[in-house]
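Novice: One structure is given below, represented as structure tokens, and several questions about it will come after.
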Amino acid sequence: MERFIEIPQGVKVKMVGFNFEAQGTKGKVSKTFRNEYVAMEFKDKKIRIFTKREKKTDLAVVGTWESIVNSAFTGVTKGFIYTMKIVYAHFPVKVTVKGNEVHLDNFLGEKSPRKITLGPETKVTVKGDMVTVEGSDLEVTGNAAARIERMSKIKGFDPRVFQDGIYIVRKGDVIEG
């Protein structure tokens, strides 16, 4: 079984060994594809993903790799965005972005701010009670949003009463325009 993927215009693809890299106007996505029975090659402005065995697991890997490559092409041409909402009832929460660090101040009245460091691949913006996480790699952008959500996890309180936090509202939308 084999699948062919057309390379979109304006996207540069580089494959060295097991490493795949796509670069476009919105950024760069790098992935490593390694499997004993499934292979990927680049020729004639197309990417060919194929397997010689017809086992279910190998066919599943071909489909997964195809999906990853397609999302990489979408990410480097359009980009992905996660939308999050800041919710608080007890103490006014302040979320700030300083470089590649996200700070959560006054969460449940805590004196010291909670903070996490994100990679340079993602861009975090805060407007009012909405937080947006943008990036070209779907996996990295989703992990950044999940880390921000986990940063506001409450321990030792009843979550039915204390529903304060930062929550993902929309996942992995493609940036249009």
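Lettering and numbering for the structure tokens are positional, with chains as A, B, ... in the shown order, residues counted from 1 in each chain, and ligands counted from 1 in the shown order.
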Quick one: everything within 12 Å of Gln9 (chain A), counting only C-alpha atoms, minus sequence neighbours fewer than 2 positions away in the same chain. Send it as a list in words.
Specialist: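 Here the answer would be Glu6, Ile7, Val11, Lys12, Val13, Ala22, Gln23, Gly24, Thr25, Lys45, Lys46, Phe73, Thr74, Val76 and Thr77 of chain A.
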Novice: Generate a file of the selected residues that holds C-alpha atoms, formatted as a PDB file, in the first residue's frame.
Specialist:
```pdb
ATOM      1  CA  GLU A   6       1.199  16.771  -3.027  1.00  0.00           C
ATOM      2  CA  ILE A   7       3.546  19.424  -1.656  1.00  0.00           C
ATOM      3  CA  VAL A  11       6.552  24.940   1.025  1.00  0.00           C
ATOM      4  CA  LYS A  12      10.130  23.669   1.072  1.00  0.00           C
ATOM      5  CA  VAL A  13      10.597  20.043   2.072  1.00  0.00           C
ATOM      6  CA  ALA A  22       8.758  21.391   6.081  1.00  0.00           C
ATOM      7  CA  GLN A  23       9.290  25.138   5.926  1.00  0.00           C
ATOM      8  CA  GLY A  24       6.781  27.776   4.852  1.00  0.00           C
ATOM      9  CA  THR A  25       5.659  31.333   5.515  1.00  0.00           C
ATOM     10  CA  LYS A  45       7.071  17.405  -5.815  1.00  0.00           C
ATOM     11  CA  LYS A  46       5.312  14.551  -4.026  1.00  0.00           C
ATOM     12  CA  PHE A  73       1.878  21.434   5.522  1.00  0.00           C
ATOM     13  CA  THR A  74      -1.214  23.152   6.948  1.00  0.00           C
ATOM     14  CA  VAL A  76       3.621  26.011   7.800  1.00  0.00           C
ATOM     15  CA  THR A  77       1.181  27.626   5.342  1.00  0.00           C
TER      16      THR A  77
END
```
Novice: With a cut-off of 6 Å, could you pull out the residues of region 45-104 of chain A touching region 117-134 of chain A and give me the nearest pair of atoms for each, distance in Å to one decimal, using only C-alpha atoms, ordered by chain and ascending number, as CSV?
Specialist:
```
residue,atom,partner,partner_atom,distance
A:Phe80,CA,A:Glu134,CA,5.7
A:Ile81,CA,A:Glu134,CA,4.5
A:Tyr82,CA,A:Val133,CA,5.1
A:Thr83,CA,A:Thr132,CA,4.7
A:Met84,CA,A:Val131,CA,4.9
A:Lys85,CA,A:Met130,CA,4.7
A:Ile86,CA,A:Asp129,CA,5.0
A:Asn100,CA,A:Leu118,CA,5.4
A:Glu101,CA,A:Thr117,CA,4.4
```
Novice: Give me the residues near Met151 (chain A) as a PyMOL selection string, where near means some atom within 9 Å (using only C-alpha atoms) and where sequence neighbours in that chain fewer than 3 positions away do not count.
Specialist: chain A and resi 104+114-116+146-148+154+165-166
Novice: Apply DSSP to the backbone of this structure and, from chain A, keep only the residues in alpha helix (DSSP H); write these as number ranges by chain.
Specialist: A: 56-77, 138-151
Novice: In terms of the shortest atom-to-atom distance over only C-alpha atoms, which of A:Glu2, A:Gly10, A:Ser30, A:Glu21 is closest to Gly63 (chain A)?
Specialist: A:Glu2
Novice: Please list as a ChimeraX atom specification every residue within 12 Å of Thr57 (chain A), counting only C-alpha atoms and excluding residues in the same chain fewer than 6 positions away.
Specialist: /A:35-38,51,63-64
Novice: Can those selected residues be exported to a file as a PDB file, in the first residue's frame so that it contains N, CA and C atoms?
Specialist:
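Listed below is the output, out09.pdb:
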```
ATOM      1  N   ASN A  35      10.381   3.625  11.169  1.00  0.00           N
ATOM      2  CA  ASN A  35       9.628   2.397  11.306  1.00  0.00           C
ATOM      3  C   ASN A  35      10.328   1.330  10.476  1.00  0.00           C
ATOM      4  N   GLU A  36      10.273   0.118  10.941  1.00  0.00           N
ATOM      5  CA  GLU A  36      10.974  -0.973  10.268  1.00  0.00           C
ATOM      6  C   GLU A  36      10.320  -1.357   8.944  1.00  0.00           C
ATOM      7  N   TYR A  37       9.002  -1.234   8.862  1.00  0.00           N
ATOM      8  CA  TYR A  37       8.280  -1.724   7.696  1.00  0.00           C
ATOM      9  C   TYR A  37       7.652  -0.622   6.841  1.00  0.00           C
ATOM     10  N   VAL A  38       7.655   0.608   7.309  1.00  0.00           N
ATOM     11  CA  VAL A  38       7.053   1.722   6.574  1.00  0.00           C
ATOM     12  C   VAL A  38       8.155   2.708   6.226  1.00  0.00           C
ATOM     13  N   THR A  51       4.384   0.903   2.317  1.00  0.00           N
ATOM     14  CA  THR A  51       4.759  -0.291   3.053  1.00  0.00           C
ATOM     15  C   THR A  51       4.631  -1.479   2.105  1.00  0.00           C
ATOM     16  N   GLY A  63      -1.242   5.664   7.412  1.00  0.00           N
ATOM     17  CA  GLY A  63      -2.268   6.690   7.583  1.00  0.00           C
ATOM     18  C   GLY A  63      -1.877   7.754   8.597  1.00  0.00           C
ATOM     19  N   THR A  64      -1.229   7.326   9.662  1.00  0.00           N
ATOM     20  CA  THR A  64      -0.792   8.276  10.689  1.00  0.00           C
ATOM     21  C   THR A  64       0.265   9.224  10.129  1.00  0.00           C
TER      22      THR A  64
END
```
Novice: So the first atom is CA of Arg170 (chain A) and the second is CA of Ser112 (chain A); what is the distance between them in Å, to one decimal place?
Specialist: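 Computing the Euclidean distance for CA of Arg170 (chain A) and CA of Ser112 (chain A) yields 29.1 Å.
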Novice: Can you tell me how far CA of Phe33 (chain A) sits from CA of Phe18 (chain A), in Å to one decimal?
Specialist: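 Distance between the two atoms: 5.2 Å.
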Novice: If we count only C-alpha atoms, what is near Ile47 (chain A) at a cut-off of 6 Å, once residues fewer than 3 positions away on the same chain are taken out, given as a ChimeraX atom specification?
Specialist: /A:4-5,41-42
Novice: Taking only C-alpha atoms into account, which of A:Lys78, A:Lys153, A:Lys111, A:Lys31 comes nearest Ser136 (chain A)?
Specialist: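 Using only C-alpha atoms, Ser136 (chain A) sits closest to A:Lys78.
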Novice: May I have all residues of region 13-161 of chain A that DSSP, computed from the backbone, assigns to strand (DSSP E or B), given as a VMD selection string?
Specialist: chain A and resid 13 to 16 19 to 24 27 to 32 38 to 43 46 to 51 80 to 87 94 to 98 101 to 105 114 to 117 122 to 127 130 to 135
